[in-house]
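What's in structure-v2.tsv: TSV, C-alpha atoms
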chain	number	residue	atom	x	y	z
A	449	MET	CA	0.00	0.00	0.00
A	450	GLU	CA	1.67	3.18	-1.20
A	451	TYR	CA	0.13	6.58	-1.73
A	452	GLN	CA	2.06	9.73	-2.34
A	453	THR	CA	1.58	13.04	-4.03
A	454	VAL	CA	4.18	14.53	-6.35
A	455	ARG	CA	4.56	18.27	-6.76
A	456	THR	CA	4.74	19.40	-10.35
A	457	THR	CA	3.58	22.14	-12.72
A	458	CYS	CA	0.48	21.81	-14.86
A	459	THR	CA	1.39	21.21	-18.51
A	460	TYR	CA	-1.75	22.64	-20.04
A	461	CYS	CA	-0.70	26.25	-20.35
A	462	GLY	CA	1.98	28.73	-19.45
A	463	THR	CA	0.28	30.04	-16.30
A	464	GLY	CA	2.29	27.57	-14.27
A	465	CYS	CA	-0.21	26.31	-11.71
A	466	GLY	CA	1.16	24.06	-9.01
A	467	VAL	CA	-0.44	20.62	-9.03
A	468	LEU	CA	0.01	17.47	-7.01
A	469	LEU	CA	-0.20	14.22	-8.91
A	470	GLU	CA	-1.70	11.52	-6.73
A	471	VAL	CA	0.16	8.23	-7.08
A	472	LEU	CA	-1.44	5.08	-5.68
A	473	ASP	CA	0.79	1.99	-5.89
A	474	GLY	CA	2.79	3.49	-8.74
A	475	GLU	CA	-0.25	4.50	-10.76
A	476	VAL	CA	-1.22	8.15	-11.23
A	477	VAL	CA	-4.86	8.30	-10.14
A	478	GLY	CA	-5.64	11.98	-9.72
A	479	THR	CA	-4.65	15.63	-9.55
A	480	LEU	CA	-4.99	18.05	-6.65
A	481	PRO	CA	-4.31	21.78	-6.66
A	482	GLN	CA	-1.29	22.69	-4.53
A	483	LYS	CA	-2.73	24.72	-1.70
A	484	ASP	CA	0.39	26.76	-0.91
A	485	HIS	CA	1.43	27.50	-4.49
A	486	PRO	CA	1.94	31.23	-5.15
A	487	ILE	CA	0.39	31.11	-8.63
A	488	ASN	CA	-2.86	29.21	-8.23
A	489	GLU	CA	-3.28	29.24	-4.43
A	490	GLY	CA	-5.14	25.93	-4.28
A	491	LYS	CA	-7.31	26.51	-7.33
A	492	LEU	CA	-7.33	24.91	-10.78
A	493	CYS	CA	-9.30	25.10	-14.03
A	494	ILE	CA	-10.95	22.04	-15.51
A	495	LYS	CA	-7.84	21.19	-17.52
A	496	GLY	CA	-5.65	21.33	-14.45
A	497	TRP	CA	-8.00	19.06	-12.53
A	498	SER	CA	-7.67	16.58	-15.40
A	499	ALA	CA	-3.91	16.96	-15.81
A	500	HIS	CA	-3.27	13.29	-15.00
A	501	GLU	CA	-5.63	11.87	-17.58
A	502	PHE	CA	-3.39	11.84	-20.64
A	503	ILE	CA	-0.52	10.08	-18.90
A	504	TYR	CA	-1.64	6.61	-19.92
A	505	ALA	CA	-3.09	7.62	-23.32
A	506	ASP	CA	-2.10	5.21	-26.09
A	507	GLY	CA	-1.19	7.99	-28.50
A	508	ARG	CA	1.18	9.72	-26.12
A	509	LEU	CA	4.70	10.34	-27.39
A	510	THR	CA	7.02	8.98	-24.73
A	511	LYS	CA	10.30	8.78	-26.66
A	512	PRO	CA	11.97	11.16	-29.13
A	513	LEU	CA	11.46	10.37	-32.81
A	514	VAL	CA	14.08	11.11	-35.46
A	515	ARG	CA	13.19	11.15	-39.15
A	516	LYS	CA	15.31	8.71	-41.06
A	517	GLY	CA	14.45	8.81	-44.74
A	518	ASP	CA	10.65	8.76	-44.88
A	519	LYS	CA	10.21	7.21	-41.50
A	520	LEU	CA	10.12	8.52	-37.95
A	521	GLU	CA	12.13	6.21	-35.76
A	522	GLU	CA	12.39	6.02	-32.00
A	523	ALA	CA	15.67	7.34	-30.65
A	524	SER	CA	17.36	7.91	-27.32
A	525	TRP	CA	17.42	11.45	-25.91
A	526	ASP	CA	21.19	11.61	-26.42
A	527	GLU	CA	20.86	10.63	-30.06
A	528	ALA	CA	18.01	13.05	-30.71
A	529	LEU	CA	19.67	15.99	-28.96
A	530	ASP	CA	23.03	15.36	-30.65
A	531	PHE	CA	21.28	15.27	-34.00
A	532	VAL	CA	19.42	18.55	-33.38
A	533	ALA	CA	22.53	20.34	-32.05
A	534	LYS	CA	24.66	19.17	-34.98
A	535	ARG	CA	22.12	20.23	-37.61
A	536	LEU	CA	21.50	23.61	-35.98
A	537	LEU	CA	25.22	24.38	-35.98
A	538	GLU	CA	25.63	23.15	-39.58
A	539	LEU	CA	22.76	25.32	-40.82
A	540	LYS	CA	23.94	28.37	-38.89
A	541	LYS	CA	27.42	28.02	-40.38
A	542	LYS	CA	26.13	27.48	-43.91
A	543	ASN	CA	23.23	29.99	-44.06
A	544	GLY	CA	23.67	32.34	-41.11
A	545	PRO	CA	21.73	32.59	-37.80
A	546	ASP	CA	18.62	34.15	-39.36
A	547	SER	CA	18.08	30.99	-41.40
A	548	LEU	CA	16.95	29.44	-38.14
A	549	GLY	CA	13.97	30.03	-35.88
A	550	CYS	CA	12.09	28.36	-33.07
A	551	PHE	CA	8.52	27.70	-32.09
A	552	SER	CA	7.94	27.47	-28.39
A	553	SER	CA	4.78	26.19	-26.83
A	554	ALA	CA	1.88	27.39	-24.70
A	555	LYS	CA	2.01	23.98	-23.05
A	556	CYS	CA	5.43	24.66	-21.56
A	557	THR	CA	6.09	26.59	-18.41
A	558	ASN	CA	6.98	30.26	-18.57
A	559	GLU	CA	10.53	29.36	-17.55
A	560	GLU	CA	10.91	26.76	-20.32
A	561	ASN	CA	9.75	29.31	-22.86
A	562	TYR	CA	12.28	31.78	-21.51
A	563	LEU	CA	15.05	29.22	-21.93
A	564	LEU	CA	14.10	28.46	-25.53
A	565	GLN	CA	14.13	32.12	-26.62
A	566	LYS	CA	17.38	32.58	-24.70
A	567	ILE	CA	19.15	29.78	-26.55
A	568	PHE	CA	17.94	31.10	-29.91
A	569	ARG	CA	18.79	34.72	-29.22
A	570	ALA	CA	22.02	34.31	-27.28
A	571	VAL	CA	23.48	31.08	-28.66
A	572	ILE	CA	22.14	30.87	-32.20
A	573	GLY	CA	21.92	34.64	-32.67
A	574	THR	CA	18.49	35.20	-34.16
A	575	ASN	CA	15.28	36.93	-33.14
A	576	ASN	CA	13.17	34.39	-35.02
A	577	VAL	CA	11.23	33.33	-31.96
A	578	ASP	CA	7.56	32.46	-32.14
A	579	HIS	CA	5.04	30.22	-30.50
A	580	CYS	CA	2.67	27.38	-31.24
A	581	ALA	CA	-0.43	29.56	-31.31
A	582	ARG	CA	0.79	30.91	-34.68
A	583	LEU	CA	1.30	27.47	-36.21
B	964	MET	CA	4.84	17.41	17.35
B	965	ASP	CA	7.15	14.62	18.51
B	966	LYS	CA	4.29	13.27	20.61
B	967	LEU	CA	2.12	13.09	17.50
B	968	ARG	CA	4.91	11.45	15.48
B	969	ASN	CA	5.48	8.87	18.19
B	970	TYR	CA	1.80	8.12	18.46
B	971	VAL	CA	1.55	7.47	14.70
B	972	LYS	CA	4.79	5.49	14.82
B	973	GLU	CA	3.33	3.23	17.50
B	974	LEU	CA	0.16	2.68	15.49
B	975	LEU	CA	2.21	1.70	12.44
B	976	GLU	CA	4.81	-0.42	14.22
B	977	SER	CA	2.26	-2.34	16.26
B	978	GLY	CA	0.46	-3.18	13.04
B	979	GLU	CA	-2.74	-1.57	14.27
B	980	ILE	CA	-2.83	0.43	11.05
B	981	THR	CA	-1.34	-0.40	7.64
B	982	GLY	CA	-0.85	3.20	6.62
B	983	PHE	CA	-1.27	6.71	7.97
B	984	LEU	CA	-2.59	9.44	5.72
B	985	GLY	CA	-1.11	12.75	6.79
B	986	LEU	CA	0.93	15.60	5.38
B	987	ILE	CA	4.65	15.41	4.69
B	988	ASP	CA	7.06	18.29	4.31
B	989	ASP	CA	8.32	18.28	0.72
B	990	GLY	CA	10.91	21.02	0.31
B	991	GLY	CA	8.97	23.37	2.55
B	992	HIS	CA	5.58	22.43	1.09
B	993	PRO	CA	3.28	20.18	3.13
B	994	ILE	CA	1.61	17.66	0.79
B	995	PRO	CA	-0.57	14.60	1.39
B	996	HIS	CA	1.31	11.36	1.96
B	997	LEU	CA	0.61	7.85	3.22
B	998	PHE	CA	3.15	6.94	5.89
B	999	THR	CA	3.93	3.23	6.23
B	1000	LYS	CA	5.95	0.94	8.50
B	1001	GLU	CA	8.38	0.26	5.62
B	1002	HIS	CA	9.47	3.89	5.51
B	1003	ILE	CA	8.97	4.77	9.16
B	1004	ASP	CA	11.75	7.40	9.12
B	1005	ARG	CA	9.65	9.59	6.89
B	1006	LEU	CA	7.52	10.35	9.94
B	1007	ASN	CA	10.25	12.84	10.88
B	1008	ASP	CA	8.80	14.98	8.08
B	1009	LEU	CA	5.19	14.68	9.24
B	1010	VAL	CA	3.79	18.20	9.55
B	1011	VAL	CA	0.56	19.94	10.52
B	1012	PRO	CA	0.33	23.16	8.49
B	1013	ASP	CA	-2.26	25.90	8.86
B	1014	PHE	CA	-4.05	24.99	5.66
B	1015	ARG	CA	-6.02	21.96	4.58
B	1016	TYR	CA	-6.09	19.26	1.95
B	1017	PRO	CA	-9.21	17.11	1.42
B	1018	MET	CA	-7.97	14.26	3.64
B	1019	THR	CA	-11.14	12.19	3.67
B	1020	ASP	CA	-11.53	12.54	-0.09
B	1021	ILE	CA	-8.03	11.12	-0.52
B	1022	LEU	CA	-8.77	8.47	2.10
B	1023	LEU	CA	-11.69	7.22	0.01
B	1024	LYS	CA	-9.38	6.59	-2.94
B	1025	ILE	CA	-7.20	4.38	-0.76
B	1026	VAL	CA	-10.12	2.64	0.96
B	1027	ARG	CA	-11.71	1.79	-2.40
B	1028	LYS	CA	-8.56	-0.14	-3.29
B	1029	TYR	CA	-7.93	-1.58	0.17
B	1030	PRO	CA	-11.38	-2.07	1.69
B	1031	GLU	CA	-10.15	-4.49	4.34
B	1032	SER	CA	-7.11	-2.61	5.65
B	1033	THR	CA	-7.10	-0.44	8.73
B	1034	ILE	CA	-5.89	3.05	7.90
B	1035	GLY	CA	-5.04	6.00	10.09
B	1036	VAL	CA	-5.83	9.51	8.94
B	1037	MET	CA	-5.10	12.98	10.23
B	1038	VAL	CA	-8.40	14.71	10.88
B	1039	ARG	CA	-9.43	18.19	11.85
B	1040	GLY	CA	-12.96	18.97	13.01
B	1041	CYS	CA	-14.23	19.18	9.44
B	1042	ASP	CA	-12.53	15.93	8.36
B	1043	ASP	CA	-13.99	14.20	11.38
B	1044	ARG	CA	-17.50	15.36	10.47
B	1045	ALA	CA	-16.85	14.00	6.98
B	1046	LEU	CA	-15.85	10.62	8.46
B	1047	ILE	CA	-19.16	10.47	10.32
B	1048	GLU	CA	-21.13	11.14	7.15
B	1049	LEU	CA	-19.01	8.78	5.05
B	1050	ALA	CA	-19.62	5.98	7.55
B	1051	LYS	CA	-23.34	6.73	7.48
B	1052	ASN	CA	-23.29	6.56	3.70
B	1053	GLN	CA	-21.41	3.25	3.86
B	1054	LYS	CA	-18.35	4.59	2.09
B	1055	ILE	CA	-16.03	3.67	4.93
B	1056	MET	CA	-16.20	1.23	7.84
B	1057	SER	CA	-15.55	3.19	11.03
B	1058	ASP	CA	-13.89	0.13	12.60
B	1059	LEU	CA	-11.22	0.25	9.90
B	1060	ILE	CA	-10.38	3.94	10.25
B	1061	ARG	CA	-8.20	5.34	13.04
B	1062	PRO	CA	-8.71	9.10	13.11
B	1063	VAL	CA	-5.75	10.97	14.54
B	1064	GLY	CA	-7.24	14.25	15.68
B	1065	VAL	CA	-5.80	17.72	15.26
B	1066	ALA	CA	-7.45	20.71	16.91
B	1067	CYS	CA	-7.30	23.87	14.82
B	1068	SER	CA	-5.72	27.04	16.14
B	1069	LYS	CA	-7.82	30.06	17.01
B	1070	GLU	CA	-6.57	31.84	13.87
B	1071	MET	CA	-7.59	28.93	11.65
B	1072	ALA	CA	-10.98	28.56	13.33
B	1073	GLU	CA	-11.61	32.24	12.75
B	1074	SER	CA	-10.45	32.35	9.17
B	1075	CYS	CA	-12.59	29.26	8.42
B	1076	ARG	CA	-15.50	30.64	10.47
B	1077	CYS	CA	-15.66	27.11	11.80
B	1078	SER	CA	-18.36	26.22	14.31
B	1079	GLN	CA	-16.50	23.13	15.49
B	1080	PRO	CA	-12.73	23.43	14.91
B	1081	TYR	CA	-11.83	20.20	16.68
B	1082	PRO	CA	-12.42	16.48	16.14
B	1083	ARG	CA	-14.03	14.00	18.56
B	1084	GLU	CA	-10.64	12.96	19.90
B	1085	ILE	CA	-7.67	15.34	19.96
B	1086	HIS	CA	-4.09	14.08	19.62
B	1087	TYR	CA	-2.46	17.37	18.67
B	1088	GLY	CA	-3.22	21.01	19.42
B	1089	GLU	CA	-5.44	22.71	21.93
B	1090	LYS	CA	-9.19	22.83	21.57
B	1091	VAL	CA	-10.58	26.31	20.92
B	1092	GLU	CA	-14.22	27.32	20.86
B	1093	GLY	CA	-16.08	27.39	17.58
B	1094	VAL	CA	-17.01	30.56	15.74
B	1095	GLN	CA	-20.70	31.32	15.31
B	1096	ASP	CA	-20.82	33.66	12.36
B	1097	ARG	CA	-23.65	33.75	9.86
B	1098	SER	CA	-22.94	37.27	8.62
B	1099	ASP	CA	-22.55	35.95	5.06
B	1100	LEU	CA	-26.08	34.54	5.17
B	1101	GLU	CA	-27.49	37.65	6.83
B	1102	GLU	CA	-26.08	39.77	4.04
B	1103	VAL	CA	-27.89	37.74	1.39
B	1104	GLU	CA	-31.06	37.49	3.48
B	1105	SER	CA	-31.21	41.27	3.77
B	1106	MET	CA	-31.86	41.51	0.02
B	1107	ASP	CA	-35.37	41.23	-1.37
B	1108	LEU	CA	-36.19	38.22	-3.53
B	1109	SER	CA	-35.38	39.77	-6.89
B	1110	GLY	CA	-32.20	41.29	-5.46
B	1111	ARG	CA	-31.22	37.88	-4.16
B	1112	LEU	CA	-31.83	36.29	-7.54
B	1113	ASP	CA	-29.73	38.95	-9.25
B	1114	TYR	CA	-27.00	38.45	-6.70
B	1115	TRP	CA	-26.80	34.70	-7.19
B	1116	MET	CA	-27.16	34.84	-10.98
B	1117	GLY	CA	-24.29	37.33	-10.99
B	1118	GLN	CA	-22.18	35.03	-8.86
B	1119	PHE	CA	-23.01	31.92	-10.89
B	1120	SER	CA	-22.25	33.66	-14.17
B	1121	LYS	CA	-18.60	33.86	-13.08
B	1122	CYS	CA	-18.37	30.04	-13.02
B	1123	ILE	CA	-15.69	28.60	-15.32
B	1124	LYS	CA	-17.02	25.06	-14.79
B	1125	CYS	CA	-13.83	23.61	-13.39
B	1126	TYR	CA	-15.78	21.19	-11.18
B	1127	GLY	CA	-13.30	22.09	-8.44
B	1128	CYS	CA	-16.11	22.42	-5.87
B	1129	ARG	CA	-17.19	18.88	-6.61
B	1130	ASN	CA	-13.70	17.46	-7.00
B	1131	ILE	CA	-12.42	18.72	-3.68
B	1132	CYS	CA	-15.60	17.81	-1.79
B	1133	SER	CA	-15.34	14.93	0.66
B	1134	MET	CA	-19.05	14.33	0.40
B	1135	CYS	CA	-19.08	14.10	-3.41
B	1136	PHE	CA	-18.49	10.37	-3.62
B	1137	CYS	CA	-21.06	9.33	-6.25
B	1138	ASP	CA	-19.86	7.13	-9.11
B	1139	GLN	CA	-21.97	9.12	-11.53
B	1140	CYS	CA	-22.34	12.85	-11.13
B	1141	THR	CA	-25.57	14.63	-12.03
B	1142	LEU	CA	-23.55	17.69	-12.99
B	1143	GLU	CA	-22.22	15.71	-15.97
B	1144	ASP	CA	-25.61	14.39	-17.00
B	1145	GLU	CA	-26.40	16.12	-20.28
B	1146	THR	CA	-30.12	15.51	-19.94
B	1147	LEU	CA	-30.10	17.73	-16.84
B	1148	VAL	CA	-27.33	20.22	-17.49
B	1149	MET	CA	-26.58	21.40	-21.00
B	1150	THR	CA	-22.98	20.62	-21.88
B	1151	GLY	CA	-20.38	22.51	-23.87
B	1152	GLN	CA	-20.82	26.01	-22.49
B	1153	THR	CA	-19.26	28.32	-19.95
B	1154	PRO	CA	-20.66	29.41	-17.63
B	1155	PRO	CA	-22.55	26.17	-17.26
B	1156	GLU	CA	-26.31	26.38	-17.46
B	1157	ILE	CA	-27.27	28.65	-14.58
B	1158	PRO	CA	-28.70	28.55	-12.03
B	1159	ILE	CA	-29.47	24.83	-12.49
B	1160	PHE	CA	-25.83	23.68	-12.32
B	1161	HIS	CA	-25.25	25.30	-8.94
B	1162	LEU	CA	-28.70	24.56	-7.59
B	1163	ILE	CA	-28.31	20.85	-8.34
B	1164	ARG	CA	-25.13	20.84	-6.34
B	1165	ALA	CA	-26.72	22.87	-3.54
B	1166	PHE	CA	-29.63	20.44	-3.25
B	1167	HIS	CA	-27.29	17.48	-3.30
B	1168	MET	CA	-25.44	19.04	-0.39
B	1169	ALA	CA	-28.55	18.85	1.79
B	1170	GLY	CA	-27.89	16.29	4.49
B	1171	ARG	CA	-24.35	15.91	3.26
B	1172	CYS	CA	-22.39	19.18	3.47
B	1173	ILE	CA	-20.26	19.21	6.59
B	1174	ASP	CA	-19.42	22.92	6.13
B	1175	CYS	CA	-15.68	22.56	5.64
B	1176	GLY	CA	-15.52	25.32	3.05
B	1177	LEU	CA	-12.96	23.59	0.83
B	1178	CYS	CA	-15.28	24.19	-2.17
B	1179	GLU	CA	-15.09	27.94	-1.73
B	1180	GLU	CA	-11.31	27.80	-1.21
B	1181	ALA	CA	-10.98	25.86	-4.49
B	1182	CYS	CA	-13.20	28.15	-6.55
B	1183	PRO	CA	-11.11	30.17	-9.04
B	1184	ALA	CA	-14.10	32.49	-9.63
B	1185	HIS	CA	-14.60	33.31	-5.93
B	1186	ILE	CA	-18.25	32.26	-5.92
B	1187	PRO	CA	-19.50	32.21	-2.29
B	1188	LEU	CA	-20.48	28.56	-2.58
B	1189	ARG	CA	-20.17	27.90	1.09
B	1190	SER	CA	-22.89	30.43	1.92
B	1191	LEU	CA	-25.22	28.59	-0.42
B	1192	TYR	CA	-24.53	25.22	1.17
B	1193	ARG	CA	-24.59	26.68	4.67
B	1194	LYS	CA	-28.10	27.90	4.00
B	1195	VAL	CA	-29.11	24.41	2.89
B	1196	ARG	CA	-27.42	23.00	5.97
B	1197	GLU	CA	-29.23	25.49	8.17
B	1198	ASP	CA	-32.57	24.60	6.58
B	1199	MET	CA	-31.90	20.93	7.27
B	1200	ALA	CA	-31.29	21.79	10.92
B	1201	ASN	CA	-34.22	24.19	11.31
B	1202	TYR	CA	-36.88	22.27	9.45
B	1203	LEU	CA	-35.84	18.66	9.78
B	1204	GLY	CA	-33.81	18.86	12.98
B	1205	TYR	CA	-30.84	17.25	11.34
B	1206	VAL	CA	-27.21	18.37	11.60
B	1207	THR	CA	-24.68	16.60	9.42
B	1208	GLY	CA	-21.49	15.28	10.90
B	1209	LYS	CA	-22.82	15.17	14.45
B	1210	ASP	CA	-23.87	11.65	15.20
B	1211	GLU	CA	-22.86	8.59	13.25
B	1212	TYR	CA	-26.04	6.70	14.17
B	1213	GLU	CA	-28.57	9.42	13.44
B	1214	LYS	CA	-30.25	8.80	10.13
B	1215	ASP	CA	-30.35	11.40	7.39
B	1216	PRO	CA	-34.05	12.36	7.06
B	1217	LEU	CA	-33.67	12.58	3.29
B	1218	GLU	CA	-32.69	8.92	3.31
B	1219	PHE	CA	-36.06	7.67	4.47
B	1220	LEU	CA	-38.31	10.18	2.80
B	1221	GLY	CA	-40.50	7.94	0.66
B	1222	SER	CA	-40.80	4.39	1.80
B	1223	GLU	CA	-41.01	5.15	5.51
B	1224	GLY	CA	-43.19	8.21	4.97
B	1225	TYR	CA	-41.25	10.81	6.93
B	1226	GLU	CA	-43.59	13.49	8.12
B	1227	VAL	CA	-42.40	16.97	7.26
B	1228	PRO	CA	-42.72	19.22	10.32
B	1229	SER	CA	-45.54	21.72	9.95
B	1230	LYS	CA	-43.39	24.81	10.60
B	1231	ILE	CA	-42.17	24.90	7.00
B	1232	ASP	CA	-43.63	27.97	5.35
B	1233	GLU	CA	-43.30	29.56	1.97
B	1234	THR	CA	-40.34	31.78	2.80

Now, as a test, write the supplied structure out as structure tokens.
Amino acid sequence: MEYQTVRTTCTYCGTGCGVLLEVLDGEVVGTLPQKDHPINEGKLCIKGWSAHEFIYADGRLTKPLVRKGDKLEEASWDEALDFVAKRLLELKKKNGPDSLGCFSSAKCTNEENYLLQKIFRAVIGTNNVDHCARL
Amino acid sequence: MDKLRNYVKELLESGEITGFLGLIDDGGHPIPHLFTKEHIDRLNDLVVPDFRYPMTDILLKIVRKYPESTIGVMVRGCDDRALIELAKNQKIMSDLIRPVGVACSKEMAESCRCSQPYPREIHYGEKVEGVQDRSDLEEVESMDLSGRLDYWMGQFSKCIKCYGCRNICSMCFCDQCTLEDETLVMTGQTPPEIPIFHLIRAFHMAGRCIDCGLCEEACPAHIPLRSLYRKVREDMANYLGYVTGKDEYEKDPLEFLGSEGYEVPSKIDET
């Protein structure tokens, strides 16, 4: 018999509400609002209350996929990240920093979005930063 | 605090309980956790903060999976009232629950406007007197009928239909919820169909609501839900002489309306 709650941040939007995932015998069974969280102060919207529901969805992407030829193939994080880093540097060298851009996501935290624009502005050297709502 | 920790430790080590549902300090944040004999050291992080999680609601999730185990649970006055009602509604077996009582501080009792800020048995904290404050109801009652309707329709129209009031409620234990029944409440719109959505919940709280106020704390739209349910609770007491969460063996009058022909006291009038 094991029950614990795990503090995390809701993935549904960038507001960054604090949620507790309820884990009963290793299975995520529910979500609770974190009562002492400075953002949501113990409140959630309907999406937050349902934040655990997609975890066991069949269609959920749980591993990185790398396109090889016409096919997307499962890869390790190391392989996927190495591939992305290598290609970004190659393209920057060949076509200049403004040949690159990034789309961040409303489903990431505010801090994750900050990091993505930071890496594109400061490391890559471009202001081509946009977000998924424009896709 | 050490006394409380040792008490729970004894319950776990003696095998009297299989698990203890309390709050654990997680990086400065108290969160719900089931303490067990296997990880007894974690009791060092057992805490009693000045805010509440829906302990009995969480307890039900564990009891549903382990109906034959004896489980300890940290209870405040409100949680204890919930235990009484849950036992009455056959959701828990009182013999299999060991409530470990915490009395609320004066500050908490006042901020919760709690009429009974202590459980039946106290293992931690000092008992303070309850707060009798119905100023929220008096404010609404001072309005005339059309003013009252406007007031509530205004409040309900803020609803973003998060179902937080239902989700956090210890007394919302039904397998199927009327609020999600599309023949009764139109789906696919925000605010939900008003006032029916909120009135259904208010009526369902009759004979159930133990006046913990967690619904209002969870409402992102700041709807004074508790006042609504307090009124229903007060009506149950005034007209049917029934107070929820008081006596485990007293039957809910709404339970035997019908077959046993409960006679409604004559003092009910149109107001």

Inset, instruction - Enter the distance from atom CA of Leu468 of chain A to atom CA of Ile487 of chain A, in Å, rounded to one decimal. - result: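 Atom CA of Ile487 of chain A lies 13.7 Å from atom CA of Leu468 of chain A.
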
Legend entry - 9 Å contacts from chain B to chain A using all atoms listed in the file, as a count of residues only: 30

Legend entry - Point-to-point distance in Å for atom CA of Asp1042 of chain B and atom CA of Cys458 of chain A: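 Distance between the two atoms: 27.3 Å.
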
Enclosing box along x, y and z for every listed atom of segment 515-531 of chain A, padded 4 Å each side, centre and size in Å, one decimal, as AutoDock Vina command-line options:
--center_x 16.6 --center_y 11.0 --center_z -35.4 --size_x 20.9 --size_y 18.0 --size_z 27.0

Legend entry - Selection: 10 Å around Lys511 of chain A, all atoms listed in the file, excl. self and same-chain fewer than 4 positions, as a list in words: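 Returned residues: Glu521, Glu522, Ala523, Ser524, Trp525 and Ala528 of chain A.
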
Inset, instruction - Do a neighbour search on Ser1098 of chain B at 12 Å with all atoms listed in the file, toss out local chain neighbours closer than 4 positions, and write the hits as a list in words. - result: Arg1076, Val1094, Glu1102, Val1103, Glu1104, Ser1105, Ser1190, Arg1193 and Lys1194 of chain B

Legend entry - Selected residue of minimal separation from Lys1069 of chain B among B:Glu1179, B:Glu1048, B:Glu1084, B:Glu1092, counting only C-alpha atoms: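 Looking only at the distances to Lys1069 of chain B, the closest residue turns out to be B:Glu1092.
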
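Atom CA of Val1206 of chain B to atom CA of Ile1034 of chain B spans 26.5 Å [interatomic distance, one decimal].
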
What's the 8 Å shell around Cys461 of chain A, counting only C-alpha atoms, without same-chain residues fewer than 2 positions away, as a CSV table (one decimal) with C-alpha atoms, in the coordinates of the input?
chain,number,residue,atom,x,y,z
A,458,CYS,CA,0.5,21.8,-14.9
A,459,THR,CA,1.4,21.2,-18.5
A,463,THR,CA,0.3,30.0,-16.3
A,464,GLY,CA,2.3,27.6,-14.3
A,554,ALA,CA,1.9,27.4,-24.7
A,555,LYS,CA,2.0,24.0,-23.0
A,556,CYS,CA,5.4,24.7,-21.6
A,557,THR,CA,6.1,26.6,-18.4

Inset, instruction - List every protein, DNA or RNA residue with an atom no more than 8 Å from (-3.8, 22.9, 21.6) in the file's coordinates, counting only C-alpha atoms, and format the result as a PyMOL selection string. - result: chain B and resi 1066-1068+1087-1091

Legend entry - Nearby residues (only C-alpha atoms) at most 7 Å from segment 1141-1158 of chain B, same-chain spacing under 6 positions excluded, as a ChimeraX atom specification: /B:1116,1119-1124

Legend entry - Near-Glu973 of chain B list (12 Å; all atoms listed in the file; drop same-chain fewer than 3 positions) as a ChimeraX atom specification: /B:966-970,976-983,999-1000,1003,1006,1035
